[in-house]
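Novice: Sending over query.cif (mmCIF, C-alpha atoms).
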```
data_work
loop_
_atom_site.group_PDB
_atom_site.id
_atom_site.type_symbol
_atom_site.label_atom_id
_atom_site.label_comp_id
_atom_site.auth_asym_id
_atom_site.auth_seq_id
_atom_site.Cartn_x
_atom_site.Cartn_y
_atom_site.Cartn_z
ATOM 1 C CA MET A 183 19.743 -22.718 3.061
ATOM 2 C CA LYS A 184 18.156 -22.053 6.434
ATOM 3 C CA PRO A 185 17.656 -18.315 7.137
ATOM 4 C CA THR A 186 19.625 -16.925 10.083
ATOM 5 C CA PRO A 187 17.937 -14.688 12.702
ATOM 6 C CA PRO A 188 19.435 -11.411 11.308
ATOM 7 C CA THR A 189 18.276 -12.451 7.828
ATOM 8 C CA LEU A 190 14.778 -13.147 9.143
ATOM 9 C CA ARG A 191 14.728 -9.780 10.886
ATOM 10 C CA LEU A 192 15.757 -8.018 7.679
ATOM 11 C CA GLU A 193 13.045 -9.789 5.717
ATOM 12 C CA LYS A 194 10.402 -9.145 8.368
ATOM 13 C CA ARG A 195 11.323 -5.472 8.524
ATOM 14 C CA TYR A 196 11.068 -5.197 4.729
ATOM 15 C CA LEU A 197 7.648 -6.865 4.660
ATOM 16 C CA ARG A 198 6.430 -4.786 7.612
ATOM 17 C CA ARG A 199 7.380 -1.571 5.829
ATOM 18 C CA LEU A 200 5.760 -2.781 2.623
ATOM 19 C CA ARG A 201 2.546 -3.654 4.490
ATOM 20 C CA TRP A 202 2.582 -0.239 6.126
ATOM 21 C CA ALA A 203 3.111 1.525 2.801
ATOM 22 C CA LEU A 204 0.246 -0.437 1.227
ATOM 23 C CA ARG A 205 -2.202 0.469 4.003
ATOM 24 C CA GLY A 206 -4.450 2.339 1.543
ATOM 25 C CA LEU A 207 -5.419 -0.972 -0.079
ATOM 26 C CA PRO A 208 -8.114 -3.318 1.236
ATOM 27 C CA ALA A 209 -6.728 -5.892 3.687
ATOM 28 C CA PRO A 210 -7.190 -8.967 1.410
ATOM 29 C CA ASP A 211 -5.339 -7.251 -1.470
ATOM 30 C CA ARG A 212 -2.570 -6.189 0.879
ATOM 31 C CA ALA A 213 -2.248 -9.704 2.294
ATOM 32 C CA ALA A 214 -2.067 -11.232 -1.213
ATOM 33 C CA ILE A 215 0.711 -8.820 -2.228
ATOM 34 C CA ILE A 216 2.708 -9.472 0.946
ATOM 35 C CA ARG A 217 2.339 -13.219 0.463
ATOM 36 C CA GLU A 218 3.578 -13.099 -3.121
ATOM 37 C CA ILE A 219 6.527 -10.844 -2.292
ATOM 38 C CA ALA A 220 7.420 -13.045 0.710
ATOM 39 C CA MET A 221 7.427 -16.098 -1.544
ATOM 40 C CA HIS A 222 9.562 -14.272 -4.101
ATOM 41 C CA ILE A 223 12.080 -13.286 -1.415
ATOM 42 C CA ALA A 224 12.240 -16.807 -0.026
ATOM 43 C CA GLU A 225 12.701 -18.482 -3.397
ATOM 44 C CA ARG A 226 15.087 -15.895 -4.818
ATOM 45 C CA SER A 227 17.214 -15.975 -1.643
ATOM 46 C CA CYS A 228 17.699 -19.709 -2.068
ATOM 47 C CA LYS A 229 18.889 -19.204 -5.646
ATOM 48 C CA SER A 230 20.923 -16.055 -5.083
ATOM 49 C CA PRO A 231 24.571 -16.588 -4.208
ATOM 50 C CA THR A 232 24.765 -13.090 -2.749
ATOM 51 C CA GLY A 233 21.868 -13.532 -0.357
ATOM 52 C CA LEU A 234 18.901 -11.648 0.930
ATOM 53 C CA ALA A 235 20.314 -8.118 0.836
ATOM 54 C CA ASP A 236 20.680 -8.295 -2.952
ATOM 55 C CA VAL A 237 17.206 -9.774 -3.348
ATOM 56 C CA LEU A 238 15.707 -6.911 -1.351
ATOM 57 C CA ALA A 239 17.797 -4.403 -3.299
ATOM 58 C CA GLY A 240 16.382 -5.909 -6.504
ATOM 59 C CA LEU A 241 12.845 -5.328 -5.275
ATOM 60 C CA GLY A 242 13.747 -1.775 -4.295
ATOM 61 C CA ASP A 243 12.740 0.266 -1.289
ATOM 62 C CA PRO A 244 9.462 -1.129 0.138
ATOM 63 C CA VAL A 245 7.840 2.290 0.064
ATOM 64 C CA GLU A 246 8.747 2.708 -3.604
ATOM 65 C CA LEU A 247 7.523 -0.814 -4.352
ATOM 66 C CA ALA A 248 4.215 -0.003 -2.668
ATOM 67 C CA HIS A 249 4.075 3.221 -4.653
ATOM 68 C CA ALA A 250 4.558 1.217 -7.867
ATOM 69 C CA TYR A 251 1.610 -1.010 -6.899
ATOM 70 C CA LEU A 252 -0.621 1.978 -6.190
ATOM 71 C CA GLU A 253 0.534 3.808 -9.314
ATOM 72 C CA ASN A 254 -0.104 0.746 -11.476
ATOM 73 C CA LEU A 255 -3.635 0.451 -10.181
ATOM 74 C CA ASP A 256 -4.342 4.005 -11.341
ATOM 75 C CA ARG A 257 -3.320 3.899 -14.947
ATOM 76 C CA GLY A 258 -4.022 2.087 -18.188
ATOM 77 C CA HIS A 259 -1.403 0.358 -20.300
ATOM 78 C CA PRO A 260 0.981 2.686 -22.107
ATOM 79 C CA TRP A 261 0.345 1.678 -25.716
ATOM 80 C CA LEU A 262 -3.325 1.275 -26.375
ATOM 81 C CA GLY A 263 -4.713 4.402 -24.825
ATOM 82 C CA ALA A 264 -6.008 5.275 -21.424
ATOM 83 C CA SER A 265 -8.480 2.526 -20.713
ATOM 84 C CA SER A 266 -8.403 3.297 -17.030
ATOM 85 C CA ASP A 267 -7.660 6.991 -16.851
ATOM 86 C CA LEU A 268 -8.903 8.351 -13.575
ATOM 87 C CA PRO A 269 -12.346 9.809 -14.151
ATOM 88 C CA ALA A 270 -13.233 13.088 -12.489
ATOM 89 C CA ALA A 271 -15.652 11.277 -10.176
ATOM 90 C CA VAL A 272 -12.810 9.115 -8.868
ATOM 91 C CA LEU A 273 -10.584 12.145 -8.280
ATOM 92 C CA LEU A 274 -13.485 13.843 -6.536
ATOM 93 C CA GLY A 275 -13.910 10.686 -4.466
ATOM 94 C CA TRP A 276 -10.267 10.856 -3.427
ATOM 95 C CA ALA A 277 -10.601 14.503 -2.489
ATOM 96 C CA THR A 278 -13.735 13.781 -0.469
ATOM 97 C CA LEU A 279 -12.029 10.864 1.191
ATOM 98 C CA SER A 280 -8.983 12.961 2.060
ATOM 99 C CA LEU A 281 -11.286 15.532 3.613
ATOM 100 C CA SER A 282 -13.123 12.791 5.529
ATOM 101 C CA ARG A 283 -9.791 11.467 6.777
ATOM 102 C CA PHE A 284 -8.816 14.946 7.882
ATOM 103 C CA VAL A 285 -12.110 15.427 9.757
ATOM 104 C CA VAL A 286 -11.850 12.019 11.439
ATOM 105 C CA GLY A 287 -8.188 12.674 12.311
ATOM 106 C CA PHE A 288 -9.070 16.085 13.729
ATOM 107 C CA ALA A 289 -11.871 14.559 15.834
ATOM 108 C CA ALA A 290 -9.380 11.995 17.161
ATOM 109 C CA LEU A 291 -7.016 14.837 18.055
ATOM 110 C CA LEU A 292 -9.782 16.699 19.917
ATOM 111 C CA LEU A 293 -10.671 13.549 21.849
ATOM 112 C CA GLY A 294 -6.992 13.113 22.755
ATOM 113 C CA ALA A 295 -6.785 16.720 23.962
ATOM 114 C CA GLY A 296 -9.974 16.189 25.997
ATOM 115 C CA ALA A 297 -8.479 13.085 27.584
ATOM 116 C CA VAL A 298 -5.328 15.019 28.545
ATOM 117 C CA LEU A 299 -7.412 17.837 30.105
ATOM 118 C CA LEU A 300 -9.540 15.368 32.088
ATOM 119 C CA THR A 301 -6.413 13.568 33.297
ATOM 120 C CA ALA A 302 -5.018 16.909 34.468
ATOM 121 C CA VAL A 303 -8.268 17.540 36.347
ATOM 122 C CA ALA A 304 -8.020 14.137 38.048
ATOM 123 C CA VAL A 305 -4.365 14.694 38.971
ATOM 124 C CA PHE A 306 -4.720 18.267 40.284
ATOM 125 C CA LYS A 307 -7.936 17.798 42.255
ATOM 126 C CA PRO A 308 -6.246 16.225 45.316
ATOM 127 C CA LEU A 309 -3.397 18.783 45.105
ATOM 128 C CA ALA A 310 -5.517 21.931 44.757
ATOM 129 C CA PRO A 311 -9.091 20.941 45.635
ATOM 130 C CA ARG A 312 -10.491 24.504 45.586
ATOM 131 C CA SER A 313 -9.073 25.307 42.138
ATOM 132 C CA VAL A 314 -10.278 22.134 40.378
ATOM 133 C CA GLY A 315 -13.907 21.196 39.866
ATOM 134 C CA LEU A 316 -17.248 21.838 38.214
ATOM 135 C CA TRP A 317 -18.905 25.061 39.311
ATOM 136 C CA ILE A 318 -22.542 25.591 38.381
ATOM 137 C CA GLU A 319 -23.896 29.093 38.795
ATOM 138 C CA PRO A 320 -27.307 30.470 37.738
ATOM 139 C CA ASP A 321 -26.160 31.836 34.392
ATOM 140 C CA HIS A 322 -23.101 29.697 33.500
ATOM 141 C CA PHE A 323 -20.860 26.829 34.548
ATOM 142 C CA THR A 324 -17.071 26.383 34.757
ATOM 143 C CA PHE A 325 -15.121 23.139 34.531
ATOM 144 C CA GLY A 326 -11.424 22.407 34.822
ATOM 145 C CA VAL A 327 -8.334 23.680 36.583
ATOM 146 C CA LEU A 328 -8.499 27.378 37.526
ATOM 147 C CA ALA A 329 -5.602 29.703 38.316
ATOM 148 C CA ALA A 330 -7.407 30.963 41.448
ATOM 149 C CA PRO A 331 -9.918 29.090 43.683
ATOM 150 C CA GLY A 332 -13.429 28.979 42.169
ATOM 151 C CA PRO A 333 -16.526 30.599 43.738
ATOM 152 C CA ALA A 334 -17.237 28.974 47.108
ATOM 153 C CA GLY A 335 -20.367 26.879 47.535
ATOM 154 C CA THR A 336 -21.083 26.314 43.834
ATOM 155 C CA GLU A 337 -18.708 23.403 43.136
ATOM 156 C CA VAL A 338 -20.886 20.326 42.686
ATOM 157 C CA LEU A 339 -18.712 17.230 42.262
ATOM 158 C CA GLY A 340 -16.130 17.426 45.038
ATOM 159 C CA LEU A 341 -13.708 14.491 44.971
ATOM 160 C CA TRP A 342 -16.126 12.573 42.749
ATOM 161 C CA ILE A 343 -14.620 14.588 39.932
ATOM 162 C CA VAL A 344 -11.554 12.280 40.044
ATOM 163 C CA PRO A 345 -13.280 8.988 39.061
ATOM 164 C CA VAL A 346 -15.623 10.849 36.721
ATOM 165 C CA ALA A 347 -12.716 12.586 34.945
ATOM 166 C CA VAL A 348 -10.688 9.361 34.742
ATOM 167 C CA SER A 349 -13.653 7.405 33.325
ATOM 168 C CA VAL A 350 -14.473 10.036 30.707
ATOM 169 C CA ALA A 351 -10.757 10.393 29.834
ATOM 170 C CA LEU A 352 -10.585 6.639 29.230
ATOM 171 C CA ILE A 353 -13.671 6.792 27.016
ATOM 172 C CA PHE A 354 -12.177 9.713 25.070
ATOM 173 C CA CYS A 355 -8.889 7.841 24.755
ATOM 174 C CA ARG A 356 -10.504 4.703 23.381
ATOM 175 C CA ALA A 357 -12.727 6.667 21.019
ATOM 176 C CA GLY A 358 -9.731 8.710 19.794
ATOM 177 C CA LEU A 359 -7.676 5.566 19.164
ATOM 178 C CA ALA A 360 -10.584 3.914 17.337
ATOM 179 C CA LEU A 361 -11.014 6.974 15.139
ATOM 180 C CA SER A 362 -7.310 7.241 14.308
ATOM 181 C CA LYS A 363 -7.265 3.532 13.436
ATOM 182 C CA LEU A 364 -10.311 4.039 11.236
ATOM 183 C CA ALA A 365 -8.641 6.968 9.455
ATOM 184 C CA SER A 366 -5.435 5.046 8.800
ATOM 185 C CA ARG A 367 -7.156 1.882 7.566
ATOM 186 C CA TRP A 368 -9.835 3.512 5.474
ATOM 187 C CA PRO A 369 -9.847 1.599 2.205
ATOM 188 C CA TRP A 370 -9.703 4.006 -0.711
ATOM 189 C CA TYR A 371 -9.645 1.436 -3.475
ATOM 190 C CA ARG A 372 -12.166 -1.293 -3.995
ATOM 191 C CA PRO A 373 -11.032 -4.098 -6.313
ATOM 192 C CA GLY A 374 -12.848 -4.471 -9.592
ATOM 193 C CA SER A 375 -14.428 -1.029 -9.542
ATOM 194 C CA SER A 376 -13.568 2.602 -9.324
ATOM 195 C CA SER A 377 -15.808 3.211 -6.355
ATOM 196 C CA PHE A 378 -14.707 3.998 -2.850
ATOM 197 C CA ALA A 379 -15.598 2.606 0.496
ATOM 198 C CA MET B 169 17.815 12.792 -22.228
ATOM 199 C CA GLU B 170 20.416 10.466 -20.773
ATOM 200 C CA ILE B 171 20.608 7.041 -22.406
ATOM 201 C CA ALA B 172 19.917 5.246 -19.103
ATOM 202 C CA SER B 173 16.748 7.228 -18.505
ATOM 203 C CA TRP B 174 15.605 6.614 -22.096
ATOM 204 C CA GLN B 175 16.232 2.880 -21.666
ATOM 205 C CA VAL B 176 14.133 2.878 -18.500
ATOM 206 C CA GLN B 177 11.208 4.382 -20.438
ATOM 207 C CA LEU B 178 11.733 1.884 -23.260
ATOM 208 C CA ARG B 179 11.628 -1.045 -20.849
ATOM 209 C CA LYS B 180 8.596 0.347 -19.082
ATOM 210 C CA GLY B 181 6.683 0.412 -22.346
ATOM 211 C CA ALA B 182 7.824 -3.074 -23.323
ATOM 212 C CA ALA B 183 7.299 -4.812 -19.970
ATOM 213 C CA GLU B 184 3.568 -5.378 -20.309
ATOM 214 C CA LEU B 185 3.833 -6.953 -23.760
ATOM 215 C CA VAL B 186 6.756 -9.124 -22.661
ATOM 216 C CA VAL B 187 4.912 -10.376 -19.578
ATOM 217 C CA LEU B 188 1.719 -11.150 -21.502
ATOM 218 C CA ALA B 189 3.706 -12.905 -24.236
ATOM 219 C CA ILE B 190 5.520 -15.088 -21.704
ATOM 220 C CA ILE B 191 2.296 -16.077 -19.963
ATOM 221 C CA ARG B 192 0.683 -16.878 -23.324
ATOM 222 C CA ASP B 193 2.984 -19.887 -23.538
ATOM 223 C CA GLY B 194 1.577 -21.397 -20.333
ATOM 224 C CA ASP B 195 1.038 -20.784 -16.628
ATOM 225 C CA ARG B 196 3.960 -18.946 -15.023
ATOM 226 C CA TYR B 197 4.810 -17.621 -11.562
ATOM 227 C CA GLY B 198 6.615 -14.360 -10.811
ATOM 228 C CA LEU B 199 10.201 -15.551 -10.627
ATOM 229 C CA GLN B 200 9.766 -17.688 -13.740
ATOM 230 C CA ILE B 201 8.445 -14.683 -15.675
ATOM 231 C CA LEU B 202 11.303 -12.541 -14.399
ATOM 232 C CA GLU B 203 13.970 -15.036 -15.436
ATOM 233 C CA GLN B 204 12.429 -15.655 -18.838
ATOM 234 C CA ALA B 205 11.945 -11.940 -19.539
ATOM 235 C CA ASN B 206 15.530 -11.094 -18.652
ATOM 236 C CA ARG B 207 17.204 -14.006 -20.398
ATOM 237 C CA GLY B 208 18.505 -11.802 -23.192
ATOM 238 C CA GLY B 209 19.134 -8.663 -21.137
ATOM 239 C CA GLU B 210 17.268 -6.811 -18.442
ATOM 240 C CA ILE B 211 13.772 -5.884 -19.577
ATOM 241 C CA VAL B 212 11.721 -6.181 -16.391
ATOM 242 C CA THR B 213 12.937 -5.537 -12.851
ATOM 243 C CA GLU B 214 11.505 -7.307 -9.812
ATOM 244 C CA GLY B 215 10.233 -4.004 -8.454
ATOM 245 C CA ALA B 216 8.275 -3.410 -11.655
ATOM 246 C CA LEU B 217 7.107 -6.956 -12.361
ATOM 247 C CA TYR B 218 4.932 -7.638 -9.333
ATOM 248 C CA PRO B 219 3.003 -4.341 -9.417
ATOM 249 C CA LEU B 220 2.450 -4.948 -13.145
ATOM 250 C CA LEU B 221 1.159 -8.487 -12.542
ATOM 251 C CA ASN B 222 -1.107 -7.114 -9.825
ATOM 252 C CA ARG B 223 -2.568 -4.516 -12.166
ATOM 253 C CA LEU B 224 -3.089 -6.971 -15.034
ATOM 254 C CA GLU B 225 -4.895 -9.275 -12.627
ATOM 255 C CA LYS B 226 -7.060 -6.436 -11.281
ATOM 256 C CA ASP B 227 -7.884 -5.412 -14.857
ATOM 257 C CA GLY B 228 -9.012 -8.967 -15.611
ATOM 258 C CA LYS B 229 -6.233 -9.618 -18.136
ATOM 259 C CA LEU B 230 -4.665 -12.291 -15.956
ATOM 260 C CA ALA B 231 -6.051 -14.792 -13.483
ATOM 261 C CA SER B 232 -4.038 -16.554 -10.824
ATOM 262 C CA ARG B 233 -3.996 -19.518 -8.489
ATOM 263 C CA TRP B 234 -1.743 -20.528 -5.616
ATOM 264 C CA VAL B 235 -0.083 -23.886 -6.086
ATOM 265 C CA VAL B 236 1.652 -25.862 -3.350
ATOM 266 C CA GLU B 237 4.301 -27.966 -5.025
ATOM 267 C CA CYS B 238 6.906 -30.283 -3.622
ATOM 268 C CA GLY B 239 9.190 -27.325 -2.835
ATOM 269 C CA PRO B 240 8.936 -25.369 0.422
ATOM 270 C CA HIS B 241 7.179 -22.330 -1.066
ATOM 271 C CA PRO B 242 3.694 -22.097 -2.575
ATOM 272 C CA ARG B 243 3.716 -20.239 -5.876
ATOM 273 C CA LYS B 244 1.235 -17.891 -7.450
ATOM 274 C CA TYR B 245 0.744 -18.999 -11.039
ATOM 275 C CA TYR B 246 -0.724 -16.616 -13.597
ATOM 276 C CA HIS B 247 -2.566 -17.413 -16.804
ATOM 277 C CA LEU B 248 -4.099 -15.269 -19.545
ATOM 278 C CA THR B 249 -7.833 -14.616 -19.528
ATOM 279 C CA SER B 250 -9.721 -14.086 -22.790
ATOM 280 C CA ASP B 251 -9.444 -10.325 -22.196
ATOM 281 C CA GLY B 252 -5.712 -10.750 -21.681
ATOM 282 C CA ALA B 253 -5.390 -12.749 -24.902
ATOM 283 C CA ALA B 254 -7.278 -10.024 -26.802
ATOM 284 C CA LEU B 255 -5.028 -7.351 -25.291
ATOM 285 C CA LEU B 256 -1.940 -9.335 -26.211
ATOM 286 C CA ALA B 257 -3.155 -9.676 -29.815
ATOM 287 C CA ALA B 258 -3.811 -5.931 -30.037
ATOM 288 C CA MET B 259 -0.463 -5.070 -28.458
ATOM 289 C CA THR B 260 1.395 -7.498 -30.706
ATOM 290 C CA SER B 261 -0.185 -5.914 -33.760
ATOM 291 C CA ALA B 262 0.690 -2.421 -32.482
ATOM 292 C CA TRP B 263 4.217 -3.610 -31.736
ATOM 293 C CA VAL B 264 4.742 -5.017 -35.246
ATOM 294 C CA THR B 265 3.577 -1.755 -36.819
ATOM 295 C CA PHE B 266 5.765 0.241 -34.450
ATOM 296 C CA ARG B 267 8.809 -1.941 -35.002
ATOM 297 C CA THR B 268 8.434 -1.768 -38.793
ATOM 298 C CA ALA B 269 8.141 2.010 -38.690
ATOM 299 C CA MET B 270 11.117 2.337 -36.350
ATOM 300 C CA THR B 271 13.266 -0.036 -38.385
ATOM 301 C CA THR B 272 12.474 1.892 -41.543
ATOM 302 C CA ILE B 273 13.529 5.169 -39.958
ATOM 303 C CA VAL B 274 16.331 4.197 -37.618
ATOM 304 C CA GLU B 275 18.076 1.344 -39.406
ATOM 305 C CA SER B 276 17.735 2.413 -43.045
ATOM 306 C CA GLU B 277 20.977 3.067 -44.920
ATOM 307 C CA PRO B 278 21.457 6.713 -45.945
#
```
Let me see the structure of the file written as structure tokens.
Specialist:
Amino acid sequence: MKPTPPTLRLEKRYLRRLRWALRGLPAPDRAAIIREIAMHIAERSCKSPTGLADVLAGLGDPVELAHAYLENLDRGHPWLGASSDLPAAVLLGWATLSLSRFVVGFAALLLGAGAVLLTAVAVFKPLAPRSVGLWIEPDHFTFGVLAAPGPAGTEVLGLWIVPVAVSVALIFCRAGLALSKLASRWPWYRPGSSSFA
Amino acid sequence: MEIASWQVQLRKGAAELVVLAIIRDGDRYGLQILEQANRGGEIVTEGALYPLLNRLEKDGKLASRWVVECGPHPRKYYHLTSDGAALLAAMTSAWVTFRTAMTTIVESEP
């Protein structure tokens, strides 16, 4: 039976959610799981008189299925003792990794905020040239958008602040996106060992 | 405890032994294992089978290979490793002891 477009969409959405929910696993492991589940769906759909919806219901919610994969990787078999109980070092590794993720995520957030501020500087400079700029005085400097015009004669960039702010905002943006991608894809499980990347 | 919840726990404990025992008889792929396991009543669900296969493979109890057959879908066939065979033997022995003890207690005439 040839799958219809709505059927394909349903299947794709299921697999996309499963892939998303498995994002803690290394990419090759994730790809192998998706491939096997996709094959199961395809073959079972052909055999099932009630169609794809029942096949997907049989597999369960993709997030719960992913959870079952992750849970299975953490525990030993139920009868013969805890051959793979999580050692303290592994739990500590997870905690450290969670903290690392938090730090990386926070850095990405700061970069994003910096990019927004720089964009505001670039936008407001032509509108309020005396209130936006970089003022360097003997004992301190001020940068950004001020409520009142800054001290006359000490602003150093002039309209050059616009391309400078836009360029740095773009750099911040790209760095922030790279960091958030890194945090979301960080592999926490390495196959065949209990060590962490 | 509700009977349904108790049955879920019972199946969960049995699933690993059932899967290993089915694969002992020869190479099998997921859907084949599922159908064989549930022939006499539901023991393993699809949502439990694949994560279990994945774990057994990661633990080195099973090995797998993708096979492209004449059908439209390639299949991932599993077979027992020597570690898997040893685990199956140990589990079978534990199961026999458990079953004997349970039968003695649960099914004995008063």
Novice: Once the PyMOL selection byres ((chain A) within 6 of (chain B)) has been evaluated on this model, what residues remain selected, and can you format them as a PyMOL selection string?
Specialist: chain A and resi 241-242+247+250-251+254-255
Novice: How would you write, as a PyMOL selection string, the residues chosen by the PyMOL selection byres ((chain A and resi 315) around 9) on this structure?
Specialist: chain A and resi 303+307+311-314+316-317+324-328+332+337-341+343
Novice: Take the PyMOL selection byres ((chain A and resi 287) around 10), apply it to the structure above, and return the hits as number ranges by chain.
Specialist: A: 281-286, 288-293, 358-359, 361-366
Novice: Can you measure CA of Leu204 (chain A) to CA of Gln177 (chain B) for me? One decimal in Å is fine.
Specialist: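 Between CA of Leu204 (chain A) and CA of Gln177 (chain B) the gap works out to 24.8 Å.
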Novice: Quick one: axis-aligned box around all listed atoms of region 295-303 of chain A, 4 Å on every side, centre and edge lengths in Å to one decimal, written as AutoDock Vina command-line options.
Specialist:
```
--center_x -7.5 --center_y 15.5 --center_z 30.2 --size_x 13.0 --size_y 12.8 --size_z 20.4
```
Novice: For Gln204 (chain B), work out the shell of residues within 12 Å, counting only C-alpha atoms and skipping chain neighbours fewer than 5 positions away, then give it as an MDAnalysis selection string.
Specialist: chainID B and resid 186:191 193 196:199 209:213
Novice: Distance CA of Tyr245 (chain B)-CA of Gln200 (chain B), one decimal place?
Specialist: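 The value is 9.5 Å.
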Novice: Give the answer as one residue: which of B:Thr249, B:Thr260, B:Asn206, B:Thr268 has the shortest atom-to-atom distance to Arg179 (chain B), using all atoms listed in the file?
Specialist: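 Going through B:Thr249, B:Thr260, B:Asn206, B:Thr268 one by one, the smallest distance to Arg179 (chain B) is for B:Asn206.
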Novice: Around (9.6, -1.1, 8.7), as given in the file, which residues come within 8 Å? Count all atoms listed in the file and list them as a PyMOL selection string.
Specialist: chain A and resi 195-200+202
Novice: Work out how far CA of Ala235 (chain A) is from CA of Glu218 (chain A), in Å to one decimal.
Specialist: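 Separation of CA of Glu218 (chain A) and CA of Ala235 (chain A): 17.9 Å.
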